[in-house]
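Dumped entry.cif below, it's mmCIF, C-alpha atoms:
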data_coords
#
loop_
_atom_site.label_atom_id
_atom_site.label_comp_id
_atom_site.auth_asym_id
_atom_site.auth_seq_id
_atom_site.Cartn_x
_atom_site.Cartn_y
_atom_site.Cartn_z
CA MET C 35 -116.58 129.48 128.77
CA THR C 36 -113.79 128.36 126.46
CA LYS C 37 -113.13 129.19 122.82
CA SER C 38 -114.64 125.88 121.69
CA GLU C 39 -117.77 126.49 123.80
CA LEU C 40 -118.09 129.93 122.23
CA ILE C 41 -117.74 128.37 118.77
CA SER C 42 -120.48 125.85 119.51
CA LEU C 43 -122.83 128.55 120.88
CA LEU C 44 -122.33 130.46 117.63
CA SER C 45 -122.76 127.31 115.50
CA ASP C 46 -126.09 126.59 117.22
CA ARG C 47 -127.22 130.08 116.43
CA TYR C 48 -125.96 130.31 112.84
CA THR C 49 -127.37 127.05 111.52
CA GLN C 50 -127.17 128.39 107.97
CA LEU C 51 -123.36 128.41 108.25
CA VAL C 52 -121.30 125.25 108.18
CA ALA C 53 -119.55 124.62 111.50
CA LYS C 54 -116.15 125.02 109.85
CA ASP C 55 -117.02 128.59 108.86
CA THR C 56 -118.14 129.50 112.37
CA GLU C 57 -114.88 128.16 113.72
CA LEU C 58 -112.92 130.04 111.07
CA ALA C 59 -114.87 133.22 111.88
CA VAL C 60 -113.94 133.04 115.58
CA LYS C 61 -110.30 132.37 114.72
CA THR C 62 -110.31 135.23 112.22
CA ILE C 63 -111.70 137.66 114.83
CA LEU C 64 -109.17 136.62 117.49
CA ASP C 65 -106.24 136.63 115.05
CA ALA C 66 -107.19 140.11 113.86
CA MET C 67 -107.37 141.32 117.47
CA SER C 68 -103.97 139.83 118.34
CA HIS C 69 -102.44 141.13 115.15
CA SER C 70 -103.79 144.59 115.82
CA LEU C 71 -102.18 144.73 119.28
CA VAL C 72 -98.92 143.27 118.01
CA SER C 73 -98.72 146.02 115.40
CA GLY C 74 -99.35 148.60 118.12
CA GLU C 75 -102.91 149.35 117.06
CA ARG C 76 -105.78 149.82 119.52
CA ILE C 77 -109.05 147.86 119.46
CA GLU C 78 -112.31 149.61 120.31
CA ILE C 79 -115.54 147.66 120.59
CA ARG C 80 -118.39 149.89 121.74
CA GLY C 81 -120.26 148.44 124.71
CA PHE C 82 -117.59 145.81 125.24
CA GLY C 83 -114.33 147.61 125.85
CA SER C 84 -111.03 148.69 124.42
CA PHE C 85 -107.65 147.02 124.20
CA GLY C 86 -104.39 148.89 123.96
CA LEU C 87 -100.76 148.67 124.99
CA ASN C 88 -99.27 150.01 128.18
CA HIS C 89 -95.62 151.00 128.27
CA ARG C 90 -93.33 149.56 130.95
CA PRO C 91 -90.14 151.62 131.26
CA PRO C 92 -86.78 149.81 131.54
CA ARG C 93 -85.84 148.96 135.10
CA LEU C 94 -83.15 147.31 137.13
CA GLY C 95 -84.40 143.97 138.37
CA ARG C 96 -82.82 141.21 140.34
CA ASN C 97 -82.51 137.51 139.73
CA PRO C 98 -84.41 136.27 142.80
CA LYS C 99 -82.25 133.13 142.98
CA THR C 100 -78.79 134.68 142.82
CA GLY C 101 -79.54 138.25 143.89
CA GLU C 102 -77.68 139.38 140.80
CA LYS C 103 -78.79 142.66 139.22
CA VAL C 104 -80.23 142.41 135.73
CA SER C 105 -81.46 145.20 133.52
CA VAL C 106 -85.01 144.62 132.31
CA PRO C 107 -85.56 146.42 128.98
CA GLU C 108 -88.62 148.55 128.36
CA LYS C 109 -91.61 146.72 126.99
CA TYR C 110 -95.26 146.98 126.10
CA VAL C 111 -98.01 144.92 127.72
CA PRO C 112 -101.60 144.39 126.50
CA HIS C 113 -104.26 146.24 128.48
CA PHE C 114 -108.07 145.96 128.52
CA LYS C 115 -110.58 148.49 129.80
CA ALA C 116 -114.20 147.31 130.00
CA GLY C 117 -116.78 149.50 128.27
CA LYS C 118 -119.80 150.94 130.04
CA GLU C 119 -122.33 148.28 129.02
CA LEU C 120 -120.04 145.41 130.03
CA ARG C 121 -119.13 147.15 133.30
CA ASP C 122 -122.78 147.73 134.17
CA ARG C 123 -123.92 144.24 133.24
CA VAL C 124 -121.16 142.51 135.18
CA ASP C 125 -121.54 144.64 138.32
CA TYR C 126 -124.08 143.84 141.03
CA PRO C 127 -127.54 145.26 140.29
CA LYS C 128 -128.06 148.81 141.52
CA SER C 129 -130.60 149.36 144.30
CA GLU C 130 -133.00 151.00 141.84
CA PRO C 131 -135.02 148.50 139.80
CA PRO C 132 -133.44 148.17 136.34
CA ALA C 133 -135.48 149.81 133.59
CA GLY C 134 -137.19 147.46 131.15
CA ASN C 135 -135.12 144.41 131.84
CA MET D 108 -105.83 153.17 112.91
CA THR D 109 -108.04 151.42 115.38
CA LEU D 110 -109.62 147.99 114.99
CA THR D 111 -113.41 148.18 115.32
CA LYS D 112 -116.40 145.93 114.68
CA ALA D 113 -116.65 147.34 111.14
CA GLU D 114 -113.15 146.07 110.25
CA LEU D 115 -113.84 142.71 111.89
CA SER D 116 -117.04 142.35 109.81
CA ASP D 117 -115.11 143.20 106.63
CA LEU D 118 -112.60 140.46 107.46
CA LEU D 119 -115.36 137.87 107.89
CA PHE D 120 -116.75 138.96 104.52
CA GLU D 121 -113.34 138.71 102.81
CA LYS D 122 -111.77 135.73 104.54
CA VAL D 123 -114.72 133.55 105.54
CA GLY D 124 -117.08 134.52 102.74
CA LEU D 125 -120.02 135.45 104.95
CA ASN D 126 -122.39 138.00 103.45
CA LYS D 127 -122.17 141.51 104.90
CA ARG D 128 -125.24 141.14 107.08
CA GLU D 129 -124.17 137.75 108.49
CA ALA D 130 -120.67 139.08 109.12
CA LYS D 131 -121.89 142.09 111.09
CA ASP D 132 -124.37 139.96 113.02
CA LEU D 133 -121.76 137.33 113.90
CA VAL D 134 -119.30 139.95 115.18
CA ASP D 135 -122.06 141.41 117.38
CA THR D 136 -123.00 137.97 118.67
CA PHE D 137 -119.37 137.06 119.35
CA PHE D 138 -119.02 139.96 121.80
CA GLU D 139 -122.54 139.51 123.15
CA GLU D 140 -121.89 135.85 124.07
CA ILE D 141 -118.77 136.92 125.97
CA ARG D 142 -120.72 139.62 127.82
CA THR D 143 -123.49 137.14 128.65
CA ALA D 144 -121.04 134.59 130.05
CA LEU D 145 -119.34 137.24 132.19
CA GLU D 146 -122.70 138.63 133.33
CA LYS D 147 -123.59 135.11 134.54
CA GLY D 148 -120.37 135.02 136.53
CA ASP D 149 -118.57 132.70 134.13
CA SER D 150 -114.97 133.47 133.17
CA VAL D 151 -114.08 133.36 129.47
CA LYS D 152 -110.90 131.65 128.27
CA LEU D 153 -109.89 132.27 124.69
CA SER D 154 -106.76 130.20 124.25
CA GLY D 155 -103.95 132.00 122.46
CA PHE D 156 -105.57 135.38 123.15
CA GLY D 157 -106.33 135.71 126.84
CA ASN D 158 -108.77 135.23 129.71
CA PHE D 159 -111.53 137.47 130.97
CA GLN D 160 -112.12 136.97 134.66
CA LEU D 161 -114.38 138.45 137.28
CA ARG D 162 -113.11 140.02 140.42
CA THR D 163 -115.28 141.02 143.36
CA LYS D 164 -114.23 144.07 145.29
CA PRO D 165 -115.42 144.78 148.82
CA GLN D 166 -116.81 148.16 149.85
CA ARG D 167 -114.05 150.65 150.65
CA PRO D 168 -113.97 154.20 151.91
CA GLY D 169 -113.81 156.88 149.26
CA ARG D 170 -114.03 160.62 149.01
CA ASN D 171 -115.76 163.06 146.75
CA PRO D 172 -112.70 164.78 145.29
CA LYS D 173 -114.62 168.04 144.84
CA THR D 174 -116.13 168.42 148.26
CA GLY D 175 -113.80 166.23 150.32
CA GLU D 176 -116.87 164.50 151.71
CA GLU D 177 -116.34 160.87 152.74
CA ILE D 178 -118.56 158.44 150.87
CA PRO D 179 -118.25 154.66 150.71
CA ILE D 180 -117.37 153.10 147.35
CA THR D 181 -119.87 150.26 147.17
CA ALA D 182 -118.89 146.60 146.76
CA ARG D 183 -118.70 145.72 143.07
CA ARG D 184 -117.88 143.08 140.52
CA VAL D 185 -115.48 143.99 137.71
CA VAL D 186 -113.95 142.31 134.64
CA THR D 187 -110.21 141.84 134.34
CA PHE D 188 -108.36 140.69 131.23
CA HIS D 189 -105.15 138.68 131.29
CA ALA D 190 -103.41 138.37 127.96
CA SER D 191 -102.13 134.89 127.14
CA GLN D 192 -98.40 134.22 127.35
CA LYS D 193 -98.43 133.91 123.57
CA LEU D 194 -99.94 137.37 123.07
CA LYS D 195 -97.70 138.95 125.73
CA THR D 196 -94.60 137.51 124.06
CA LEU D 197 -95.66 138.70 120.60
CA VAL D 198 -96.41 142.21 121.89
CA GLU D 199 -93.13 142.36 123.78
CA LYS D 200 -91.07 141.21 120.79
CA ARG D 201 -92.78 143.73 118.62
CA SER D 202 -91.83 146.61 120.90
CA VAL D 203 -88.20 145.49 121.02
CA ASN D 204 -88.06 145.37 117.23
CA ALA D 205 -89.96 148.61 116.78
CA GLU D 206 -87.77 150.57 119.16
CA PRO D 207 -84.15 149.47 118.99
CA ALA D 208 -82.20 150.37 122.15
#
Now, as a test, write the supplied structure out as structure tokens.
Amino acid sequence: MTKSELISLLSDRYTQLVAKDTELAVKTILDAMSHSLVSGERIEIRGFGSFGLNHRPPRLGRNPKTGEKVSVPEKYVPHFKAGKELRDRVDYPKSEPPAGN
Amino acid sequence: MTLTKAELSDLLFEKVGLNKREAKDLVDTFFEEIRTALEKGDSVKLSGFGNFQLRTKPQRPGRNPKTGEEIPITARRVVTFHASQKLKTLVEKRSVNAEPA
């Protein structure tokens, strides 16, 4: 599923909204999420998961072409951890029959 | 501060002009559609933000850390998130600016 497919699923469901607003809503959500991570702020969506930053310490790397040593500065990388509901729904069904599904 | 569904709903109210109930409902549906796609085995590609993909893991031997007893860790399907190059670059730049060497 792509962003535009997600937008059209939402447009089909929110027929009272004009398509432009649904598109703007999706962009607004994603921009807010990016912005939050860029400013070093976590994102927590219950039942979906949490996003945060992981620290990568500075290290001495090598240019694979020349073999020359280069220092790689420390950095932060985005990280996602799936929440319980998402984890359970994505995993294979348990051997017990699921309750009320 | 942490970004949550409540803040995302407020943004849709302020920036898109949805009413409070619509805003909350749309935020819920946004994450629910992503969960549903992943549950069906579909990967989700949100350009500019990142991709959610599924990874299947075979059964592997594990151990109960308390008792030392060997128990297999069952085969499972998990979600992984890969931030887009755009988001990674923004996050990286931010950390360089925030913490001068």
Item to check | Test item: the PyMOL selection byres ((chain D) within 9 of (chain C)) resolved as a ChimeraX atom specification | outcome: /D:108-112,115-116,118-119,122-125,129-130,133-134,136-156,161,163,182-190,194-203,208
Item to check | Residues matched by the PyMOL selection byres ((chain C and resi 94) around 7), written as a list in words | outcome: Arg93, Gly95, Arg96, Lys103, Val104, Ser105 and Val106 of chain C
Checklist entry - For the atom pair atom CA of Arg167 of chain D and atom CA of Pro179 of chain D, what is the interatomic distance in Å to one decimal place? => result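 Going from atom CA of Arg167 of chain D over to atom CA of Pro179 of chain D covers 5.8 Å.
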Checklist entry - So how far away is atom CA of Glu114 of chain D from atom CA of Val52 of chain C, in Å? => result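 Separation between atom CA of Val52 of chain C and atom CA of Glu114 of chain D: 22.5 Å.
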Next on the checklist: If I take atom CA of Gly169 of chain D and atom CA of Thr181 of chain D, how far is one from the other in Å, to one decimal?
Outcome noted: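 Value for the atom CA of Gly169 of chain D-atom CA of Thr181 of chain D distance: 9.2 Å.
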All heavy atoms restored at segment 89-100 of chain C, emitted as a PDB file, keeping the file's coordinate frame:
ATOM      1  N   HIS C  89     -97.080 150.986 128.301  1.00  0.00           N
ATOM      2  CA  HIS C  89     -95.620 151.000 128.270  1.00  0.00           C
ATOM      3  C   HIS C  89     -95.064 150.673 129.647  1.00  0.00           C
ATOM      4  O   HIS C  89     -95.564 151.153 130.654  1.00  0.00           O
ATOM      5  CB  HIS C  89     -95.158 152.385 127.820  1.00  0.00           C
ATOM      6  CG  HIS C  89     -93.681 152.489 127.703  1.00  0.00           C
ATOM      7  ND1 HIS C  89     -92.930 153.309 128.509  1.00  0.00           N
ATOM      8  CD2 HIS C  89     -92.803 151.869 126.890  1.00  0.00           C
ATOM      9  CE1 HIS C  89     -91.661 153.193 128.184  1.00  0.00           C
ATOM     10  NE2 HIS C  89     -91.549 152.336 127.198  1.00  0.00           N
ATOM     11  N   ARG C  90     -94.067 149.806 129.686  1.00  0.00           N
ATOM     12  CA  ARG C  90     -93.330 149.560 130.950  1.00  0.00           C
ATOM     13  C   ARG C  90     -91.907 150.055 130.725  1.00  0.00           C
ATOM     14  O   ARG C  90     -91.205 149.520 129.883  1.00  0.00           O
ATOM     15  CB  ARG C  90     -93.306 148.067 131.276  1.00  0.00           C
ATOM     16  CG  ARG C  90     -94.662 147.470 131.574  1.00  0.00           C
ATOM     17  CD  ARG C  90     -95.063 147.667 133.011  1.00  0.00           C
ATOM     18  NE  ARG C  90     -96.342 146.999 133.281  1.00  0.00           N
ATOM     19  CZ  ARG C  90     -97.529 147.573 133.113  1.00  0.00           C
ATOM     20  NH1 ARG C  90     -97.602 148.810 132.661  1.00  0.00           N
ATOM     21  NH2 ARG C  90     -98.634 146.910 133.375  1.00  0.00           N
ATOM     22  N   PRO C  91     -91.481 151.080 131.453  1.00  0.00           N
ATOM     23  CA  PRO C  91     -90.140 151.620 131.260  1.00  0.00           C
ATOM     24  C   PRO C  91     -89.064 150.585 131.656  1.00  0.00           C
ATOM     25  O   PRO C  91     -89.362 149.659 132.409  1.00  0.00           O
ATOM     26  CB  PRO C  91     -90.102 152.832 132.181  1.00  0.00           C
ATOM     27  CG  PRO C  91     -91.197 152.645 133.153  1.00  0.00           C
ATOM     28  CD  PRO C  91     -92.223 151.763 132.515  1.00  0.00           C
ATOM     29  N   PRO C  92     -87.845 150.745 131.161  1.00  0.00           N
ATOM     30  CA  PRO C  92     -86.780 149.810 131.540  1.00  0.00           C
ATOM     31  C   PRO C  92     -86.510 149.954 133.038  1.00  0.00           C
ATOM     32  O   PRO C  92     -86.709 151.028 133.611  1.00  0.00           O
ATOM     33  CB  PRO C  92     -85.577 150.295 130.729  1.00  0.00           C
ATOM     34  CG  PRO C  92     -85.875 151.691 130.359  1.00  0.00           C
ATOM     35  CD  PRO C  92     -87.360 151.819 130.284  1.00  0.00           C
ATOM     36  N   ARG C  93     -86.115 148.875 133.666  1.00  0.00           N
ATOM     37  CA  ARG C  93     -85.840 148.960 135.100  1.00  0.00           C
ATOM     38  C   ARG C  93     -84.731 147.984 135.447  1.00  0.00           C
ATOM     39  O   ARG C  93     -84.397 147.080 134.681  1.00  0.00           O
ATOM     40  CB  ARG C  93     -87.108 148.649 135.911  1.00  0.00           C
ATOM     41  CG  ARG C  93     -87.610 147.248 135.672  1.00  0.00           C
ATOM     42  CD  ARG C  93     -88.971 147.013 136.306  1.00  0.00           C
ATOM     43  NE  ARG C  93     -89.457 145.695 135.923  1.00  0.00           N
ATOM     44  CZ  ARG C  93     -89.144 144.567 136.550  1.00  0.00           C
ATOM     45  NH1 ARG C  93     -88.374 144.591 137.620  1.00  0.00           N
ATOM     46  NH2 ARG C  93     -89.606 143.412 136.125  1.00  0.00           N
ATOM     47  N   LEU C  94     -84.175 148.208 136.636  1.00  0.00           N
ATOM     48  CA  LEU C  94     -83.150 147.310 137.130  1.00  0.00           C
ATOM     49  C   LEU C  94     -83.828 146.270 138.005  1.00  0.00           C
ATOM     50  O   LEU C  94     -84.417 146.602 139.029  1.00  0.00           O
ATOM     51  CB  LEU C  94     -82.143 148.116 137.954  1.00  0.00           C
ATOM     52  CG  LEU C  94     -80.677 147.768 137.768  1.00  0.00           C
ATOM     53  CD1 LEU C  94     -80.301 147.731 136.292  1.00  0.00           C
ATOM     54  CD2 LEU C  94     -79.805 148.771 138.500  1.00  0.00           C
ATOM     55  N   GLY C  95     -83.778 145.021 137.574  1.00  0.00           N
ATOM     56  CA  GLY C  95     -84.400 143.970 138.370  1.00  0.00           C
ATOM     57  C   GLY C  95     -83.328 143.124 139.013  1.00  0.00           C
ATOM     58  O   GLY C  95     -82.133 143.413 138.908  1.00  0.00           O
ATOM     59  N   ARG C  96     -83.767 142.096 139.692  1.00  0.00           N
ATOM     60  CA  ARG C  96     -82.820 141.210 140.340  1.00  0.00           C
ATOM     61  C   ARG C  96     -83.213 139.770 140.058  1.00  0.00           C
ATOM     62  O   ARG C  96     -84.397 139.437 140.066  1.00  0.00           O
ATOM     63  CB  ARG C  96     -82.894 141.430 141.860  1.00  0.00           C
ATOM     64  CG  ARG C  96     -81.627 141.965 142.435  1.00  0.00           C
ATOM     65  CD  ARG C  96     -81.896 142.367 143.875  1.00  0.00           C
ATOM     66  NE  ARG C  96     -81.344 143.689 144.143  1.00  0.00           N
ATOM     67  CZ  ARG C  96     -80.053 143.919 144.312  1.00  0.00           C
ATOM     68  NH1 ARG C  96     -79.179 142.946 144.207  1.00  0.00           N
ATOM     69  NH2 ARG C  96     -79.622 145.144 144.580  1.00  0.00           N
ATOM     70  N   ASN C  97     -82.244 138.936 139.812  1.00  0.00           N
ATOM     71  CA  ASN C  97     -82.510 137.510 139.730  1.00  0.00           C
ATOM     72  C   ASN C  97     -82.800 137.047 141.150  1.00  0.00           C
ATOM     73  O   ASN C  97     -81.932 137.115 142.017  1.00  0.00           O
ATOM     74  CB  ASN C  97     -81.272 136.809 139.171  1.00  0.00           C
ATOM     75  CG  ASN C  97     -81.486 135.305 139.064  1.00  0.00           C
ATOM     76  OD1 ASN C  97     -82.230 134.712 139.848  1.00  0.00           O
ATOM     77  ND2 ASN C  97     -80.824 134.690 138.104  1.00  0.00           N
ATOM     78  N   PRO C  98     -84.046 136.604 141.408  1.00  0.00           N
ATOM     79  CA  PRO C  98     -84.410 136.270 142.800  1.00  0.00           C
ATOM     80  C   PRO C  98     -83.573 135.124 143.365  1.00  0.00           C
ATOM     81  O   PRO C  98     -83.402 135.015 144.575  1.00  0.00           O
ATOM     82  CB  PRO C  98     -85.889 135.895 142.705  1.00  0.00           C
ATOM     83  CG  PRO C  98     -86.200 135.762 141.259  1.00  0.00           C
ATOM     84  CD  PRO C  98     -85.118 136.403 140.457  1.00  0.00           C
ATOM     85  N   LYS C  99     -83.038 134.270 142.496  1.00  0.00           N
ATOM     86  CA  LYS C  99     -82.250 133.130 142.980  1.00  0.00           C
ATOM     87  C   LYS C  99     -80.847 133.562 143.415  1.00  0.00           C
ATOM     88  O   LYS C  99     -80.361 133.191 144.471  1.00  0.00           O
ATOM     89  CB  LYS C  99     -82.122 132.080 141.882  1.00  0.00           C
ATOM     90  CG  LYS C  99     -82.963 130.845 142.195  1.00  0.00           C
ATOM     91  CD  LYS C  99     -82.738 129.762 141.155  1.00  0.00           C
ATOM     92  CE  LYS C  99     -84.056 129.056 140.857  1.00  0.00           C
ATOM     93  NZ  LYS C  99     -84.107 128.516 139.512  1.00  0.00           N
ATOM     94  N   THR C 100     -80.192 134.342 142.554  1.00  0.00           N
ATOM     95  CA  THR C 100     -78.790 134.680 142.820  1.00  0.00           C
ATOM     96  C   THR C 100     -78.614 136.059 143.433  1.00  0.00           C
ATOM     97  O   THR C 100     -77.545 136.387 143.942  1.00  0.00           O
ATOM     98  CB  THR C 100     -77.987 134.643 141.502  1.00  0.00           C
ATOM     99  OG1 THR C 100     -78.520 135.660 140.639  1.00  0.00           O
ATOM    100  CG2 THR C 100     -78.115 133.311 140.796  1.00  0.00           C
TER     101      THR C 100
END
